[in-house]
Every structure is written in C-alpha cells, then in structure tokens.
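Asks: Okay, so here is my_file-v8.pdb, and as you'll see once you scroll down, it has PDB, C-alpha atoms, pLDDT in the B column.
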```
MODEL        1
ATOM      1  CA  MET A 274       0.000   0.000   0.000  1.00 60.00           C
ATOM      2  CA  ALA A 275       1.429   3.372  -0.961  1.00 68.00           C
ATOM      3  CA  LYS A 276       2.024   6.006   1.704  1.00 77.00           C
ATOM      4  CA  ARG A 277       0.164   9.236   1.456  1.00 80.00           C
ATOM      5  CA  THR A 278       2.409  12.269   1.163  1.00 81.00           C
ATOM      6  CA  ARG A 279       2.100  14.598   4.117  1.00 80.00           C
ATOM      7  CA  SER A 280       1.199  18.181   3.481  1.00 88.00           C
ATOM      8  CA  ARG A 281       3.807  20.829   4.182  1.00 89.00           C
ATOM      9  CA  MET A 282       1.372  22.786   6.331  1.00 90.00           C
ATOM     10  CA  ASP A 283       0.894  19.822   8.693  1.00 90.00           C
ATOM     11  CA  LEU A 284       4.632  19.312   8.927  1.00 90.00           C
ATOM     12  CA  ARG A 285       5.151  23.012   9.612  1.00 92.00           C
ATOM     13  CA  ASN A 286       2.517  22.999  12.371  1.00 92.00           C
ATOM     14  CA  GLU A 287       4.192  20.012  14.043  1.00 92.00           C
ATOM     15  CA  TYR A 288       7.563  21.737  13.868  1.00 93.00           C
ATOM     16  CA  ASP A 289       6.202  24.955  15.368  1.00 94.00           C
ATOM     17  CA  ALA A 290       4.542  23.033  18.194  1.00 94.00           C
ATOM     18  CA  ALA A 291       7.815  21.285  18.990  1.00 94.00           C
ATOM     19  CA  GLU A 292       9.646  24.635  19.029  1.00 93.00           C
ATOM     20  CA  ARG A 293       7.073  26.080  21.446  1.00 93.00           C
ATOM     21  CA  ARG A 294       7.516  23.087  23.773  1.00 93.00           C
ATOM     22  CA  LYS A 295      11.297  23.565  23.757  1.00 92.00           C
ATOM     23  CA  GLU A 296      10.939  27.269  24.594  1.00 92.00           C
ATOM     24  CA  GLU A 297       8.606  26.457  27.479  1.00 92.00           C
ATOM     25  CA  GLU A 298      11.043  23.885  28.851  1.00 91.00           C
ATOM     26  CA  ALA A 299      13.895  26.385  28.570  1.00 88.00           C
ATOM     27  CA  GLN A 300      11.865  28.968  30.543  1.00 88.00           C
ATOM     28  CA  VAL A 301      11.080  26.418  33.259  1.00 87.00           C
ATOM     29  CA  GLU A 302      14.773  25.522  33.541  1.00 86.00           C
ATOM     30  CA  GLU A 303      15.736  29.203  33.822  1.00 84.00           C
ATOM     31  CA  GLU A 304      13.226  29.670  36.642  1.00 83.00           C
ATOM     32  CA  GLU A 305      14.645  26.663  38.475  1.00 81.00           C
ATOM     33  CA  GLU A 306      18.180  28.006  38.079  1.00 79.00           C
ATOM     34  CA  ASP A 307      17.072  31.377  39.456  1.00 76.00           C
ATOM     35  CA  GLU A 308      15.573  29.641  42.514  1.00 75.00           C
ATOM     36  CA  GLU A 309      18.829  27.719  43.041  1.00 72.00           C
ATOM     37  CA  GLU A 310      20.828  30.952  42.897  1.00 68.00           C
ATOM     38  CA  ASP A 311      18.559  32.441  45.547  1.00 64.00           C
ATOM     39  CA  ASP A 312      19.220  29.395  47.732  1.00 61.00           C
ATOM     40  CA  ASP A 313      22.965  29.800  47.176  1.00 58.00           C
ATOM     41  CA  ASP A 314      22.791  33.454  48.290  1.00 56.00           C
ATOM     42  CA  GLU A 315      21.182  32.393  51.579  1.00 54.00           C
ATOM     43  CA  GLU A 316      23.894  29.769  52.131  1.00 54.00           C
ATOM     44  CA  GLU A 317      26.606  32.432  51.668  1.00 52.00           C
ATOM     45  CA  GLY A 318      25.158  34.379  54.587  1.00 52.00           C
ATOM     46  CA  ASP A 319      25.470  31.273  56.745  1.00 50.00           C
ATOM     47  CA  GLU A 320      29.110  30.888  55.711  1.00 50.00           C
ATOM     48  CA  GLU A 321      29.963  34.344  57.077  1.00 49.00           C
ATOM     49  CA  ALA A 322      28.729  33.250  60.464  1.00 49.00           C
ATOM     50  CA  ASP A 323      30.818  30.111  60.200  1.00 50.00           C
ATOM     51  CA  ALA A 324      33.971  32.125  59.434  1.00 50.00           C
ATOM     52  CA  GLU A 325      34.946  31.915  63.114  1.00 49.00           C
ATOM     53  CA  LYS A 326      35.482  28.155  62.759  1.00 50.00           C
ATOM     54  CA  PRO A 327      38.925  26.752  61.771  1.00 52.00           C
ATOM     55  CA  ALA A 328      39.851  26.873  58.057  1.00 50.00           C
ATOM     56  CA  ALA A 329      40.052  23.085  57.653  1.00 49.00           C
ATOM     57  CA  ASP A 330      36.349  22.732  58.460  1.00 49.00           C
ATOM     58  CA  ASP A 331      35.427  25.367  55.812  1.00 49.00           C
ATOM     59  CA  ASP A 332      37.063  23.301  53.055  1.00 50.00           C
ATOM     60  CA  ASP A 333      35.099  20.198  54.033  1.00 51.00           C
ATOM     61  CA  GLU A 334      31.814  22.113  54.048  1.00 50.00           C
ATOM     62  CA  GLU A 335      32.468  23.682  50.659  1.00 49.00           C
ATOM     63  CA  GLU A 336      33.210  20.291  49.129  1.00 50.00           C
ATOM     64  CA  ALA A 337      30.060  18.848  50.641  1.00 50.00           C
ATOM     65  CA  ALA A 338      28.010  21.829  49.465  1.00 49.00           C
ATOM     66  CA  GLY A 339      29.481  21.474  45.966  1.00 50.00           C
ATOM     67  CA  ASP A 340      28.434  17.827  45.834  1.00 51.00           C
ATOM     68  CA  GLU A 341      24.875  18.684  46.861  1.00 50.00           C
ATOM     69  CA  ASP A 342      24.578  21.320  44.130  1.00 50.00           C
ATOM     70  CA  ASP A 343      25.518  18.749  41.528  1.00 51.00           C
ATOM     71  CA  GLU A 344      22.801  16.399  42.689  1.00 54.00           C
ATOM     72  CA  GLU A 345      20.115  19.099  42.884  1.00 55.00           C
ATOM     73  CA  ALA A 346      20.878  20.624  39.486  1.00 57.00           C
ATOM     74  CA  PRO A 347      18.468  19.369  36.828  1.00 60.00           C
ATOM     75  CA  LYS A 348      20.137  17.176  34.276  1.00 63.00           C
ATOM     76  CA  LYS A 349      19.772  18.550  30.787  1.00 65.00           C
ATOM     77  CA  LYS A 350      19.163  16.142  27.970  1.00 69.00           C
ATOM     78  CA  LYS A 351      21.985  16.299  25.510  1.00 69.00           C
ATOM     79  CA  PRO A 352      21.217  15.346  21.955  1.00 71.00           C
ATOM     80  CA  LYS A 353      22.815  12.064  21.056  1.00 72.00           C
ATOM     81  CA  PRO A 354      25.436  12.399  18.362  1.00 72.00           C
ATOM     82  CA  LYS A 355      24.403  10.739  15.167  1.00 73.00           C
ATOM     83  CA  PRO A 356      26.565   7.785  14.208  1.00 75.00           C
ATOM     84  CA  VAL A 357      29.075   8.821  11.606  1.00 75.00           C
ATOM     85  CA  LYS A 358      28.902   6.671   8.537  1.00 75.00           C
ATOM     86  CA  PRO A 359      32.254   5.783   7.038  1.00 77.00           C
ATOM     87  CA  LYS A 360      32.774   7.372   3.671  1.00 79.00           C
ATOM     88  CA  ALA A 361      32.385   5.027   0.797  1.00 80.00           C
ATOM     89  CA  LYS A 362      35.608   4.274  -0.970  1.00 79.00           C
ATOM     90  CA  PRO A 363      35.736   5.912  -4.366  1.00 77.00           C
ATOM     91  CA  LYS A 364      35.373   3.403  -7.101  1.00 78.00           C
ATOM     92  CA  SER A 365      38.486   3.003  -9.140  1.00 78.00           C
ATOM     93  CA  ARG A 366      38.049   3.715 -12.770  1.00 77.00           C
ATOM     94  CA  ALA A 367      38.487   0.721 -14.951  1.00 79.00           C
ATOM     95  CA  ARG A 368      40.932   1.529 -17.648  1.00 80.00           C
ATOM     96  CA  THR A 369      39.546   1.170 -21.084  1.00 81.00           C
ATOM     97  CA  ALA A 370      41.186  -1.600 -22.992  1.00 80.00           C
ATOM     98  CA  LYS A 371      43.541  -0.402 -25.620  1.00 83.00           C
ATOM     99  CA  VAL A 372      41.940  -0.808 -29.018  1.00 85.00           C
ATOM    100  CA  VAL A 373      44.034  -3.204 -31.002  1.00 87.00           C
ATOM    101  CA  ARG A 374      43.875  -2.769 -34.742  1.00 90.00           C
ATOM    102  CA  MET A 375      43.071  -5.940 -36.642  1.00 92.00           C
ATOM    103  CA  ARG A 376      43.657  -7.012 -40.234  1.00 94.00           C
ATOM    104  CA  VAL A 377      41.959  -9.710 -42.270  1.00 95.00           C
ATOM    105  CA  VAL A 378      43.974 -12.490 -43.909  1.00 96.00           C
ATOM    106  CA  TRP A 379      42.986 -15.711 -45.639  1.00 96.00           C
ATOM    107  CA  GLY A 380      43.756 -18.873 -43.709  1.00 96.00           C
ATOM    108  CA  VAL A 381      44.031 -22.396 -45.123  1.00 96.00           C
ATOM    109  CA  PHE A 382      42.613 -24.897 -42.620  1.00 96.00           C
ATOM    110  CA  ASN A 383      42.522 -28.692 -42.437  1.00 94.00           C
ATOM    111  CA  ASN A 384      39.635 -30.854 -41.208  1.00 92.00           C
ATOM    112  CA  SER A 385      40.718 -30.362 -37.558  1.00 92.00           C
ATOM    113  CA  ASN A 386      40.373 -26.590 -37.920  1.00 93.00           C
ATOM    114  CA  GLN A 387      44.111 -26.090 -37.650  1.00 94.00           C
ATOM    115  CA  CYS A 388      45.495 -23.162 -39.600  1.00 93.00           C
ATOM    116  CA  ILE A 389      48.122 -24.441 -42.006  1.00 93.00           C
ATOM    117  CA  ALA A 390      48.963 -21.259 -43.929  1.00 95.00           C
ATOM    118  CA  THR A 391      47.910 -17.620 -44.158  1.00 95.00           C
ATOM    119  CA  TYR A 392      47.796 -15.271 -47.158  1.00 96.00           C
ATOM    120  CA  ASP A 393      47.218 -11.528 -47.368  1.00 95.00           C
ATOM    121  CA  TYR A 394      43.659 -10.492 -48.146  1.00 95.00           C
ATOM    122  CA  PRO A 395      44.228  -9.586 -51.819  1.00 95.00           C
ATOM    123  CA  LYS A 396      45.787 -13.041 -52.467  1.00 95.00           C
ATOM    124  CA  ARG A 397      42.650 -15.146 -52.118  1.00 95.00           C
ATOM    125  CA  SER A 398      43.395 -17.025 -55.334  1.00 95.00           C
ATOM    126  CA  ASP A 399      46.768 -18.192 -53.945  1.00 95.00           C
ATOM    127  CA  ALA A 400      45.046 -19.467 -50.766  1.00 96.00           C
ATOM    128  CA  ASP A 401      42.423 -21.379 -52.827  1.00 96.00           C
ATOM    129  CA  ALA A 402      45.176 -22.922 -54.971  1.00 96.00           C
ATOM    130  CA  HIS A 403      47.089 -24.033 -51.863  1.00 95.00           C
ATOM    131  CA  ALA A 404      43.951 -25.621 -50.357  1.00 95.00           C
ATOM    132  CA  ALA A 405      43.257 -27.503 -53.655  1.00 95.00           C
ATOM    133  CA  LYS A 406      46.850 -28.770 -53.827  1.00 95.00           C
ATOM    134  CA  LEU A 407      46.670 -30.074 -50.215  1.00 93.00           C
ATOM    135  CA  MET A 408      43.351 -31.836 -50.930  1.00 93.00           C
ATOM    136  CA  ASN A 409      44.886 -33.687 -53.912  1.00 94.00           C
ATOM    137  CA  ASP A 410      48.143 -34.589 -52.158  1.00 93.00           C
ATOM    138  CA  LYS A 411      46.841 -35.630 -48.728  1.00 88.00           C
ATOM    139  CA  ARG A 412      43.340 -36.698 -49.795  1.00 88.00           C
ATOM    140  CA  SER A 413      41.748 -34.839 -46.877  1.00 90.00           C
ATOM    141  CA  THR A 414      39.506 -31.821 -46.684  1.00 93.00           C
ATOM    142  CA  HIS A 415      41.111 -28.362 -46.612  1.00 94.00           C
ATOM    143  CA  PHE A 416      39.286 -25.049 -46.815  1.00 95.00           C
ATOM    144  CA  VAL A 417      39.920 -21.301 -46.892  1.00 96.00           C
ATOM    145  CA  GLN A 418      38.368 -18.853 -44.480  1.00 96.00           C
ATOM    146  CA  PRO A 419      39.043 -15.248 -43.411  1.00 96.00           C
ATOM    147  CA  VAL A 420      40.926 -14.738 -40.150  1.00 96.00           C
ATOM    148  CA  LYS A 421      41.442 -11.549 -38.166  1.00 95.00           C
ATOM    149  CA  GLU A 422      44.938 -10.953 -36.812  1.00 93.00           C
ATOM    150  CA  PRO A 423      46.206  -8.065 -34.686  1.00 92.00           C
ATOM    151  CA  ILE A 424      48.427  -5.638 -36.558  1.00 90.00           C
ATOM    152  CA  GLU A 425      51.888  -5.587 -35.055  1.00 83.00           C
ATOM    153  CA  GLU A 426      53.183  -2.043 -34.999  1.00 73.00           C
ATOM    154  CA  LYS A 427      56.888  -1.416 -35.154  1.00 70.00           C
ATOM    155  CA  LYS A 428      58.636   0.204 -32.213  1.00 66.00           C
ATOM    156  CA  GLU A 429      59.625   3.141 -34.373  1.00 67.00           C
ATOM    157  CA  ASP A 430      55.968   3.810 -35.214  1.00 66.00           C
ATOM    158  CA  LYS A 431      55.097   3.871 -31.522  1.00 65.00           C
ATOM    159  CA  LYS A 432      57.871   6.367 -30.785  1.00 68.00           C
ATOM    160  CA  GLU A 433      56.609   8.638 -33.555  1.00 71.00           C
ATOM    161  CA  GLU A 434      53.060   8.509 -32.146  1.00 68.00           C
ATOM    162  CA  LYS A 435      54.299   9.452 -28.691  1.00 66.00           C
ATOM    163  CA  GLU A 436      56.217  12.375 -30.100  1.00 70.00           C
ATOM    164  CA  LYS A 437      53.134  13.613 -31.947  1.00 65.00           C
ATOM    165  CA  LYS A 438      51.015  13.373 -28.808  1.00 65.00           C
ATOM    166  CA  SER A 439      53.572  15.243 -26.708  1.00 67.00           C
ATOM    167  CA  LYS A 440      53.613  18.155 -29.190  1.00 58.00           C
TER     168      LYS A 440
ENDMDL
END
```
Kindly return the structure encoded in the file as structure tokens.
Replies:
Amino acid sequence: MAKRTRSRMDLRNEYDAAERRKEEEAQVEEEEEDEEEDDDDEEEGDEEADAEKPAADDDDEEEAAGDEDDEEAPKKKKPKPKPVKPKAKPKSRARTAKVVRMRVVWGVFNNSNQCIATYDYPKRSDADAHAAKLMNDKRSTHFVQPVKEPIEEKKEDKKEEKEKKSK
C-alpha cells in the first residue's frame, strides 16, 4: 500500500509546536536556576557566620556543598550524536582496454580446424590454390576462411606517435 504524502502545512505545524515546547522547557529551567541561585545566596550568609570556625572545616563544608549542588541541578538532555557513517571508498576507474587494430587475412585450414597457412587479403586465389593442392596430395579436406589478426606495430611507429602526442 502506498504512503500518502504529508502536506507541508501539517509538517510546519508540528515543527512549530515542537519549538514552542522547547521554549517552554527552557523557561522552566531558567526559573529553576534562578531559585537555586537564591538558595545559594542564603547559604553564603550562613558561611559568614561560620567564618569563626577553623579553616580546615570550611574546606570540608564547601566540598560537601558542591556535591549537593551537583545532585540538585536538573540534568539537561543532551542530543545524542548521530553515528558517523564511514565514507564510501571511491570506485576506481576501470581503464579502457587499448583498441588493437586488426587485419583480415585468408587462412588455409585442415579438417581439424588447424590453420596451415595464411595469405594476405588480396591473395585469395593463392590461398584457394594451396587448399586444392593439399586436398589432392593428402586426400583430406582443406578449406579457406578469413581470419582476423592483430596488426603488429613497429617500435619506431610507436615512438613517432608518442612524439606527436607530446607536441
């Protein structure tokens, strides 16, 4: 079942209501802090009266008072940090295969599909003659078919191409 899309106005109203709740909570917390400060002011007056006591006792009381303040202070909710997703590794580019130039030649094959001889493309008649001669001599089937071979470039040609590209 498809979900119904929610209207932007409804979403906006929900967001505004949440903001108002947060503001109200912040005001309540401020009021509580103000009340605690008032309580602290009253405690300071008591400390002046206690000034006649030895200094070692004052330190113990301050530590104890500090511990009580920590317990009485309202604990604020801290937003939980969102888990950090590890970045996806960038995909390495697959290098495009170098295009190898091919040339067509005529191949003379035996019955086992083994290439016996090859002839340049314009010399088809020579390849046919060779296949006929082998059929008469060996009394087995031979045939001619086109074969694609990679063109082997000379090292000098490659150097020239590199020089042209660098210019």
Asks: Find the residues around stretch 381-385 of chain A up to 7 Å (all atoms listed in the file counted), leave out those fewer than 2 positions away in its own chain, and share them as a list in words.
Replies: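 The contact residues come out as Trp379, Gln387, Cys388, Ile389, Ala390, Thr391, Ala400, Ala404, Thr414, His415, Phe416, Val417 and Gln418 of chain A.
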Asks: Could you tell me how far atom CA of A:Glu425 lies from atom CA of A:Leu407, in Å and to one decimal?
Replies: 29.3 Å
Asks: For a test of reading the model, state the distance in Å between atom CA of A:Arg277 and atom CA of A:Arg293, rounded to one decimal.
Replies: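 Atom CA of A:Arg293 lies 27.0 Å from atom CA of A:Arg277.
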Asks: Could you tell me how far atom CA of A:Asp401 lies from atom CA of A:Ile424, in Å and to one decimal?
Replies: 23.4 Å
Asks: Given the file above and the PyMOL selection byres ((chain A and resi 423) around 10), which residues are selected, and can you give them as a PyMOL selection string?
Replies: chain A and resi 373-377+421-422+424-426
Asks: Which protein, DNA or RNA residues are at most 6 Å from (43.8, -14.3, -47.1) in the file's coordinates when you count all atoms listed in the file, listed as a ChimeraX atom specification?
Replies: /A:378-380,392-394,396-397
Asks: Please determine an axis-aligned box that encloses all atoms of stretch 404-415 of chain A listed in the file, with 6 Å added on each side, and express its centre and edge lengths in Å to one decimal as AutoDock Vina command-line options.
Replies:
```
--center_x 43.8 --center_y -31.2 --center_z -50.3 --size_x 20.6 --size_y 23.1 --size_z 19.3
```
